[in-house]
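A.B. asks: Provided herewith: query24.pdb, PDB, C-alpha atoms.
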ATOM      1  CA  MET A  19      85.183 187.544 108.807
ATOM      2  CA  ASN A  20      86.703 190.884 109.746
ATOM      3  CA  LEU A  21      87.582 191.371 113.407
ATOM      4  CA  THR A  22      89.128 194.841 113.057
ATOM      5  CA  ASN A  23      88.167 197.024 116.042
ATOM      6  CA  GLN A  24      87.340 194.027 118.216
ATOM      7  CA  PHE A  25      88.818 192.654 121.409
ATOM      8  CA  LEU A  26      90.260 189.172 121.465
ATOM      9  CA  ILE A  27      89.838 187.826 124.987
ATOM     10  CA  ALA A  28      92.047 184.866 125.855
ATOM     11  CA  MET A  29      90.209 181.812 127.113
ATOM     12  CA  PRO A  30      91.438 180.305 130.417
ATOM     13  CA  GLY A  31      93.054 177.375 128.577
ATOM     14  CA  MET A  32      95.410 179.659 126.589
ATOM     15  CA  VAL A  33      98.776 177.920 126.792
ATOM     16  CA  ASP A  34     100.888 180.631 125.154
ATOM     17  CA  GLU A  35     102.326 182.620 128.078
ATOM     18  CA  ASN A  36     102.332 185.779 125.957
ATOM     19  CA  PHE A  37      98.549 185.661 125.759
ATOM     20  CA  ALA A  38      97.370 183.996 128.973
ATOM     21  CA  GLY A  39      94.826 186.386 130.518
ATOM     22  CA  ALA A  40      95.267 188.835 127.638
ATOM     23  CA  VAL A  41      92.907 191.254 125.982
ATOM     24  CA  VAL A  42      94.126 192.127 122.483
ATOM     25  CA  TYR A  43      92.762 195.069 120.528
ATOM     26  CA  LEU A  44      92.709 194.147 116.828
ATOM     27  CA  CYS A  45      93.969 197.064 114.745
ATOM     28  CA  GLU A  46      93.747 195.216 111.446
ATOM     29  CA  HIS A  47      92.297 191.926 110.229
ATOM     30  CA  THR A  48      92.344 190.969 106.564
ATOM     31  CA  ASP A  49      92.637 187.795 104.517
ATOM     32  CA  LYS A  50      96.428 188.283 104.787
ATOM     33  CA  GLY A  51      96.451 188.098 108.595
ATOM     34  CA  ALA A  52      95.866 190.177 111.691
ATOM     35  CA  LEU A  53      97.689 192.739 113.833
ATOM     36  CA  GLY A  54      96.740 193.665 117.381
ATOM     37  CA  LEU A  55      98.044 195.128 120.621
ATOM     38  CA  VAL A  56      97.708 193.580 124.082
ATOM     39  CA  ILE A  57      96.057 196.256 126.247
ATOM     40  CA  ASN A  58      96.322 194.705 129.716
ATOM     41  CA  LYS A  59      99.949 193.665 130.255
ATOM     42  CA  PRO A  60     102.017 196.603 131.500
ATOM     43  CA  ILE A  61     105.777 196.211 131.611
ATOM     44  CA  ASP A  62     108.195 197.778 134.058
ATOM     45  CA  ILE A  63     108.780 200.970 132.040
ATOM     46  CA  LYS A  64     106.954 204.266 132.531
ATOM     47  CA  LEU A  65     106.253 206.608 129.630
ATOM     48  CA  LYS A  66     108.566 209.291 131.035
ATOM     49  CA  SER A  67     111.455 206.823 130.905
ATOM     50  CA  LEU A  68     110.540 205.623 127.409
ATOM     51  CA  PHE A  69     110.506 209.206 126.119
ATOM     52  CA  GLU A  70     113.937 209.831 127.674
ATOM     53  CA  LYS A  71     115.283 206.748 125.842
ATOM     54  CA  VAL A  72     114.300 208.349 122.528
ATOM     55  CA  ASP A  73     115.757 211.742 123.534
ATOM     56  CA  LEU A  74     112.417 213.444 124.221
ATOM     57  CA  THR A  75     111.048 215.091 127.341
ATOM     58  CA  LEU A  76     107.472 214.241 128.205
ATOM     59  CA  GLU A  77     105.949 217.418 129.590
ATOM     60  CA  ARG A  78     102.447 216.018 130.049
ATOM     61  CA  ALA A  79     102.134 215.178 133.740
ATOM     62  CA  ASP A  80      99.047 213.029 133.078
ATOM     63  CA  LEU A  81     101.154 210.597 131.025
ATOM     64  CA  GLN A  82     104.531 210.540 132.790
ATOM     65  CA  ASP A  83     103.749 207.699 135.191
ATOM     66  CA  GLU A  84     101.591 205.692 132.784
ATOM     67  CA  PRO A  85     103.045 202.270 131.973
ATOM     68  CA  VAL A  86     104.311 201.039 128.641
ATOM     69  CA  PHE A  87     102.565 197.808 127.653
ATOM     70  CA  PHE A  88     103.692 194.496 126.205
ATOM     71  CA  GLY A  89     101.874 194.698 122.877
ATOM     72  CA  GLY A  90     102.820 191.204 121.791
ATOM     73  CA  PRO A  91     105.820 189.033 120.974
ATOM     74  CA  VAL A  92     106.591 190.522 117.520
ATOM     75  CA  GLN A  93     109.148 193.371 117.166
ATOM     76  CA  THR A  94     109.372 193.956 120.932
ATOM     77  CA  GLU A  95     112.064 196.601 120.417
ATOM     78  CA  ARG A  96     109.645 198.773 118.411
ATOM     79  CA  GLY A  97     107.012 201.145 119.776
ATOM     80  CA  PHE A  98     103.356 201.193 118.776
ATOM     81  CA  VAL A  99     101.025 204.016 119.803
ATOM     82  CA  LEU A 100      97.294 203.321 119.936
ATOM     83  CA  HIS A 101      95.470 206.621 120.172
ATOM     84  CA  GLU A 102      92.237 208.402 119.522
ATOM     85  CA  LYS A 103      91.966 210.027 116.133
ATOM     86  CA  VAL A 104      92.633 213.702 116.708
ATOM     87  CA  PRO A 105      89.891 215.847 115.099
ATOM     88  CA  GLY A 106      91.378 218.089 112.439
ATOM     89  CA  ASP A 107      94.653 216.157 112.616
ATOM     90  CA  GLY A 108      94.152 214.851 109.097
ATOM     91  CA  GLY A 109      96.410 211.853 109.715
ATOM     92  CA  SER A 110      99.400 214.103 110.265
ATOM     93  CA  TYR A 111     101.642 211.308 111.563
ATOM     94  CA  SER A 112     103.920 209.782 108.983
ATOM     95  CA  SER A 113     103.087 206.162 109.811
ATOM     96  CA  SER A 114      99.515 205.678 111.018
ATOM     97  CA  ILE A 115      96.758 203.293 110.172
ATOM     98  CA  GLU A 116      93.211 204.383 110.780
ATOM     99  CA  ILE A 117      91.239 201.606 112.432
ATOM    100  CA  ALA A 118      87.973 201.129 110.591
ATOM    101  CA  GLY A 119      84.962 201.836 112.768
ATOM    102  CA  GLY A 120      86.979 202.559 115.883
ATOM    103  CA  GLY A 121      87.735 206.273 115.843
ATOM    104  CA  LEU A 122      91.280 205.167 116.706
ATOM    105  CA  GLU A 123      94.633 205.072 114.962
ATOM    106  CA  MET A 124      97.799 203.065 115.479
ATOM    107  CA  THR A 125     101.012 204.956 114.809
ATOM    108  CA  THR A 126     104.561 203.644 114.650
ATOM    109  CA  SER A 127     106.455 206.820 113.763
ATOM    110  CA  LYS A 128     108.307 209.017 116.241
ATOM    111  CA  ASP A 129     106.369 212.149 115.220
ATOM    112  CA  VAL A 130     103.416 211.183 117.445
ATOM    113  CA  LEU A 131     105.834 210.981 120.401
ATOM    114  CA  GLU A 132     107.276 214.366 119.458
ATOM    115  CA  ALA A 133     103.759 215.859 119.432
ATOM    116  CA  LEU A 134     102.989 214.301 122.827
ATOM    117  CA  SER A 135     106.268 215.611 124.249
ATOM    118  CA  GLN A 136     105.170 219.121 123.318
ATOM    119  CA  GLY A 137     101.768 218.700 124.960
ATOM    120  CA  LEU A 138     100.076 218.274 121.560
ATOM    121  CA  GLY A 139      98.650 215.271 119.766
ATOM    122  CA  PRO A 140      96.073 212.831 121.042
ATOM    123  CA  LYS A 141      94.842 213.103 124.621
ATOM    124  CA  LYS A 142      94.241 209.363 125.040
ATOM    125  CA  VAL A 143      97.111 207.016 124.216
ATOM    126  CA  LEU A 144      98.314 203.511 124.971
ATOM    127  CA  ILE A 145     101.931 202.807 124.065
ATOM    128  CA  THR A 146     103.284 199.302 123.605
ATOM    129  CA  LEU A 147     106.548 197.648 122.781
ATOM    130  CA  GLY A 148     105.860 194.912 120.267
ATOM    131  CA  TYR A 149     102.661 193.752 118.654
ATOM    132  CA  SER A 150     100.633 190.599 118.206
ATOM    133  CA  GLY A 151     100.521 189.194 114.704
ATOM    134  CA  TRP A 152      98.820 186.302 112.959
ATOM    135  CA  SER A 153      99.477 185.021 109.447
ATOM    136  CA  ALA A 154      96.650 184.298 107.001
ATOM    137  CA  GLY A 155      94.172 181.881 108.580
ATOM    138  CA  GLN A 156      96.101 181.530 111.847
ATOM    139  CA  LEU A 157      93.735 183.617 113.980
ATOM    140  CA  GLU A 158      90.682 181.924 112.461
ATOM    141  CA  ASP A 159      92.230 178.553 113.388
ATOM    142  CA  GLU A 160      92.827 179.700 116.981
ATOM    143  CA  LEU A 161      89.220 180.936 117.181
ATOM    144  CA  GLY A 162      88.006 177.579 115.893
ATOM    145  CA  ARG A 163      89.941 175.823 118.651
ATOM    146  CA  ASN A 164      88.247 178.027 121.281
ATOM    147  CA  GLY A 165      91.409 179.963 122.100
ATOM    148  CA  TRP A 166      89.707 183.357 122.035
ATOM    149  CA  LEU A 167      86.402 185.097 122.544
ATOM    150  CA  THR A 168      85.659 188.163 120.421
ATOM    151  CA  VAL A 169      83.566 191.241 121.104
ATOM    152  CA  ASP A 170      83.265 194.743 119.656
ATOM    153  CA  ALA A 171      85.918 196.898 121.311
ATOM    154  CA  ALA A 172      85.069 199.680 123.751
ATOM    155  CA  PRO A 173      87.648 202.514 123.815
ATOM    156  CA  GLU A 174      86.826 203.284 127.467
ATOM    157  CA  ILE A 175      88.251 199.874 128.410
ATOM    158  CA  ILE A 176      91.493 200.691 126.599
ATOM    159  CA  PHE A 177      91.956 204.210 127.934
ATOM    160  CA  ASP A 178      89.828 204.709 131.056
ATOM    161  CA  THR A 179      89.671 201.336 132.836
ATOM    162  CA  PRO A 180      92.338 200.363 135.392
ATOM    163  CA  VAL A 181      94.643 197.733 133.880
ATOM    164  CA  GLU A 182      93.729 195.045 136.418
ATOM    165  CA  GLN A 183      90.027 195.354 135.460
ATOM    166  CA  ARG A 184      90.359 195.269 131.662
ATOM    167  CA  TYR A 185      89.995 191.481 131.260
ATOM    168  CA  GLU A 186      86.831 191.313 133.374
ATOM    169  CA  ARG A 187      85.354 194.440 131.751
ATOM    170  CA  ALA A 188      85.980 193.031 128.265
ATOM    171  CA  LEU A 189      84.227 189.801 129.271
ATOM    172  CA  ALA A 190      81.368 191.831 130.733
ATOM    173  CA  LEU A 191      80.743 193.234 127.238
ATOM    174  CA  LEU A 192      79.654 189.677 126.414
ATOM    175  CA  GLY A 193      77.708 189.289 129.661
ATOM    176  CA  ILE A 194      80.217 186.728 130.925
ATOM    177  CA  ASP A 195      81.495 186.349 134.479
ATOM    178  CA  PRO A 196      85.147 185.150 134.338
ATOM    179  CA  ARG A 197      84.414 182.544 137.037
ATOM    180  CA  MET A 198      82.020 180.848 134.632
ATOM    181  CA  LEU A 199      84.655 180.226 131.945
ATOM    182  CA  SER A 200      86.278 176.858 131.462
ATOM    183  CA  GLY A 201      89.466 176.082 129.605
ATOM    184  CA  GLU A 202      87.835 172.957 128.156
ATOM    185  CA  ALA A 203      86.162 173.076 124.771
ATOM    186  CA  GLY A 204      82.987 171.133 124.211
ATOM    187  CA  HIS A 205      81.327 169.937 121.032
ATOM    188  CA  ALA A 206      77.708 168.926 120.671
TER     189      ALA A 206
END
Show me the file's structure as C-alpha cells.
C.D. replies:
Amino acid sequence: MNLTNQFLIAMPGMVDENFAGAVVYLCEHTDKGALGLVINKPIDIKLKSLFEKVDLTLERADLQDEPVFFGGPVQTERGFVLHEKVPGDGGSYSSSIEIAGGGLEMTTSKDVLEALSQGLGPKKVLITLGYSGWSAGQLEDELGRNGWLTVDAAPEIIFDTPVEQRYERALALLGIDPRMLSGEAGHA
C-alpha cells in the first residue's frame, strides 16, 4: 500500500486533538512510515510575519496575508513548504522531495522562502510549521481501526479552496456528505 499523494481525512471519532477534523496531504508513504502535512488548520501567523521572523521581506502581495498552517505535531518549530513543481526549476531547492504522481514538492530549506521573497519560485504554496509523521505500520493500523478515509489528492483543494471548505471538499471526492459519517466502526 502506497498512499503518497493522497488525502487522509479524519473520521468523526478521531480522538487525537491534533487531527480531529483534519485533512492531511501525504507527501511520502513507504514501508518505513509516512510523512504528511495538515492542509486545513491555519494558525495565528500570517506569511508576511513568518518571513519577517526569518529576516526576509515578502514582496508578493498575494501571499502576505495567507495563513501559516499547523502541519502536524512533529517539529513544530520547523517550516515545511508544499508547492507546485516549478517547470524548468530542476529541483533547485537544496532540500526538496518530489511527490510521486502529484506534480508537487515539499521543501524544508530556506532557499524556497528566499525565492518567494524575491517574487520568484512557485506560484502556489502552502506553508506549515510542523508535520505529521507515522512510524512503520502505524498509519496502516490507524486505517484498520477506521481512523481515516483516503482518497487521491486534488491540488485545487490544497491551493484554491477556502480553508473552511477543505474537509467537505475532500470528502466530496469520495461522494460522501459529512453529515452521513459516524464515528462508530462497524464489522459485518
A.B. asks: Evaluate the PyMOL selection byres ((chain A and resi 146-157) around 8) and record the selected residues as a compact mmCIF listing (two decimals) with C-alpha atoms, keeping the file's coordinate frame, following the chain and residue labels used in the document.
C.D. replies:
# COMPACT_ATOMS: atom_id res chain seq x y z
CA VAL A 42 94.13 192.13 122.48
CA THR A 48 92.34 190.97 106.56
CA ASP A 49 92.64 187.80 104.52
CA LYS A 50 96.43 188.28 104.79
CA GLY A 51 96.45 188.10 108.60
CA ALA A 52 95.87 190.18 111.69
CA LEU A 53 97.69 192.74 113.83
CA GLY A 54 96.74 193.66 117.38
CA LEU A 55 98.04 195.13 120.62
CA VAL A 56 97.71 193.58 124.08
CA VAL A 86 104.31 201.04 128.64
CA PHE A 87 102.56 197.81 127.65
CA PHE A 88 103.69 194.50 126.20
CA GLY A 89 101.87 194.70 122.88
CA GLY A 90 102.82 191.20 121.79
CA PRO A 91 105.82 189.03 120.97
CA VAL A 92 106.59 190.52 117.52
CA GLN A 93 109.15 193.37 117.17
CA THR A 94 109.37 193.96 120.93
CA GLU A 95 112.06 196.60 120.42
CA ARG A 96 109.64 198.77 118.41
CA GLY A 97 107.01 201.14 119.78
CA PHE A 98 103.36 201.19 118.78
CA VAL A 99 101.02 204.02 119.80
CA LEU A 144 98.31 203.51 124.97
CA ILE A 145 101.93 202.81 124.06
CA GLU A 158 90.68 181.92 112.46
CA ASP A 159 92.23 178.55 113.39
CA GLU A 160 92.83 179.70 116.98
CA LEU A 161 89.22 180.94 117.18
A.B. asks: I'd like to see the residues matched by the PyMOL selection byres ((chain A and resi 169) around 10) on this file, and ideally I'd get them as a count of residues only.
C.D. replies: 17
A.B. asks: For this structure, which residues satisfy the selection - the PyMOL selection byres ((chain A and resi 59-67) around 6) - when it is evaluated on the file as given? I want them as number ranges by chain.
C.D. replies: A: 58, 68-70, 76, 82-88
A.B. asks: What does the file look like for those residues with C-alpha atoms, as a PDB file, in the frame of the given file?
C.D. replies:
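Wrote result.pdb, looks like this:
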ATOM      1  CA  ASN A  58      96.322 194.705 129.716  1.00  0.00           C
ATOM      2  CA  LEU A  68     110.540 205.623 127.409  1.00  0.00           C
ATOM      3  CA  PHE A  69     110.506 209.206 126.119  1.00  0.00           C
ATOM      4  CA  GLU A  70     113.937 209.831 127.674  1.00  0.00           C
ATOM      5  CA  LEU A  76     107.472 214.241 128.205  1.00  0.00           C
ATOM      6  CA  GLN A  82     104.531 210.540 132.790  1.00  0.00           C
ATOM      7  CA  ASP A  83     103.749 207.699 135.191  1.00  0.00           C
ATOM      8  CA  GLU A  84     101.591 205.692 132.784  1.00  0.00           C
ATOM      9  CA  PRO A  85     103.045 202.270 131.973  1.00  0.00           C
ATOM     10  CA  VAL A  86     104.311 201.039 128.641  1.00  0.00           C
ATOM     11  CA  PHE A  87     102.565 197.808 127.653  1.00  0.00           C
ATOM     12  CA  PHE A  88     103.692 194.496 126.205  1.00  0.00           C
TER      13      PHE A  88
END
A.B. asks: Go through A:Glu174, A:Glu102, A:Asp195, A:Glu186 one by one, measure the shortest atom-to-atom distance of each to Gly39 of chain A using only C-alpha atoms, and give the residue with the smallest value.
C.D. replies: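 Using only C-alpha atoms, the shortest distance to Gly39 of chain A belongs to A:Glu186.
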A.B. asks: Give, as JSON, the centre coordinates and the x, y and z edge lengths in Å to one decimal for an axis-aligned box around all listed atoms of segment 22-38 of chain A, padded by 5 Å on each side.
C.D. replies:
{"center_x": 94.8, "center_y": 187.2, "center_z": 121.7, "size_x": 25.0, "size_y": 29.6, "size_z": 27.4}
A.B. asks: In Å, rounded to a single decimal, give me how far atom CA of Ser113 of chain A is from atom CA of Val130 of chain A.
C.D. replies: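 Computing the Euclidean distance for atom CA of Val130 of chain A and atom CA of Ser113 of chain A yields 9.1 Å.
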A.B. asks: Quick one: distance from atom CA of Arg78 of chain A to atom CA of Ala133 of chain A in Å, one decimal?
C.D. replies: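 Result for atom CA of Arg78 of chain A versus atom CA of Ala133 of chain A: 10.7 Å, one decimal.
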A.B. asks: Given the point (95.6, 184.7, 125.8) in the file's coordinates, find the residues that have an atom at most 10 Å from it, counting only C-alpha atoms, and give them as a list in words.
C.D. replies: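 Returned residue set, sorted by chain then number, is Leu26, Ile27, Ala28, Met29, Pro30, Gly31, Met32, Val33, Asp34, Glu35, Asn36, Phe37, Ala38, Gly39, Ala40, Val41, Val42, Val56, Gly165, Trp166 and Leu167 of chain A.
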A.B. asks: Taking into account all atoms listed in the file, which residue in the set A:Gly193, A:Glu77, A:Asn20, A:Glu46 is nearest to Ser135 of chain A?
C.D. replies: A:Glu77
A.B. asks: Go ahead and compute the interatomic distance for atom CA of Ile57 of chain A and atom CA of Arg187 of chain A, in Å to one decimal.
C.D. replies: 12.2 Å
A.B. asks: Which residue gives the smallest distance to Gly120 of chain A among A:Leu44, A:Ile194, A:Ala79, A:Leu138, with all atoms listed in the file counted?
C.D. replies: A:Leu44
A.B. asks: I'd like the neighbourhood of Leu100 of chain A as a PyMOL selection string, where a residue qualifies if any of its atoms comes within 6 Å (using only C-alpha atoms), though same-chain residues fewer than 3 positions away should be ignored.
C.D. replies: chain A and resi 123-124+143-144
A.B. asks: Go ahead and write the residues just picked, C-alpha atoms, as a CSV table (one decimal), keeping the file's coordinate frame.
C.D. replies:
chain,number,residue,atom,x,y,z
A,123,GLU,CA,94.6,205.1,115.0
A,124,MET,CA,97.8,203.1,115.5
A,143,VAL,CA,97.1,207.0,124.2
A,144,LEU,CA,98.3,203.5,125.0
A.B. asks: Given all atoms listed in the file as the basis, pick out the residue of A:Asp80, A:Ile115, A:Pro180, A:Ser127 nearest to Lys142 of chain A.
C.D. replies: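 Closest residue, counting all atoms listed in the file: A:Asp80.
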A.B. asks: Rank A:Val72, A:Val104, A:Met19, A:Ile175 by their smallest atom-to-atom distance to Leu131 of chain A, using only C-alpha atoms, and report the top residue only.
C.D. replies: A:Val72
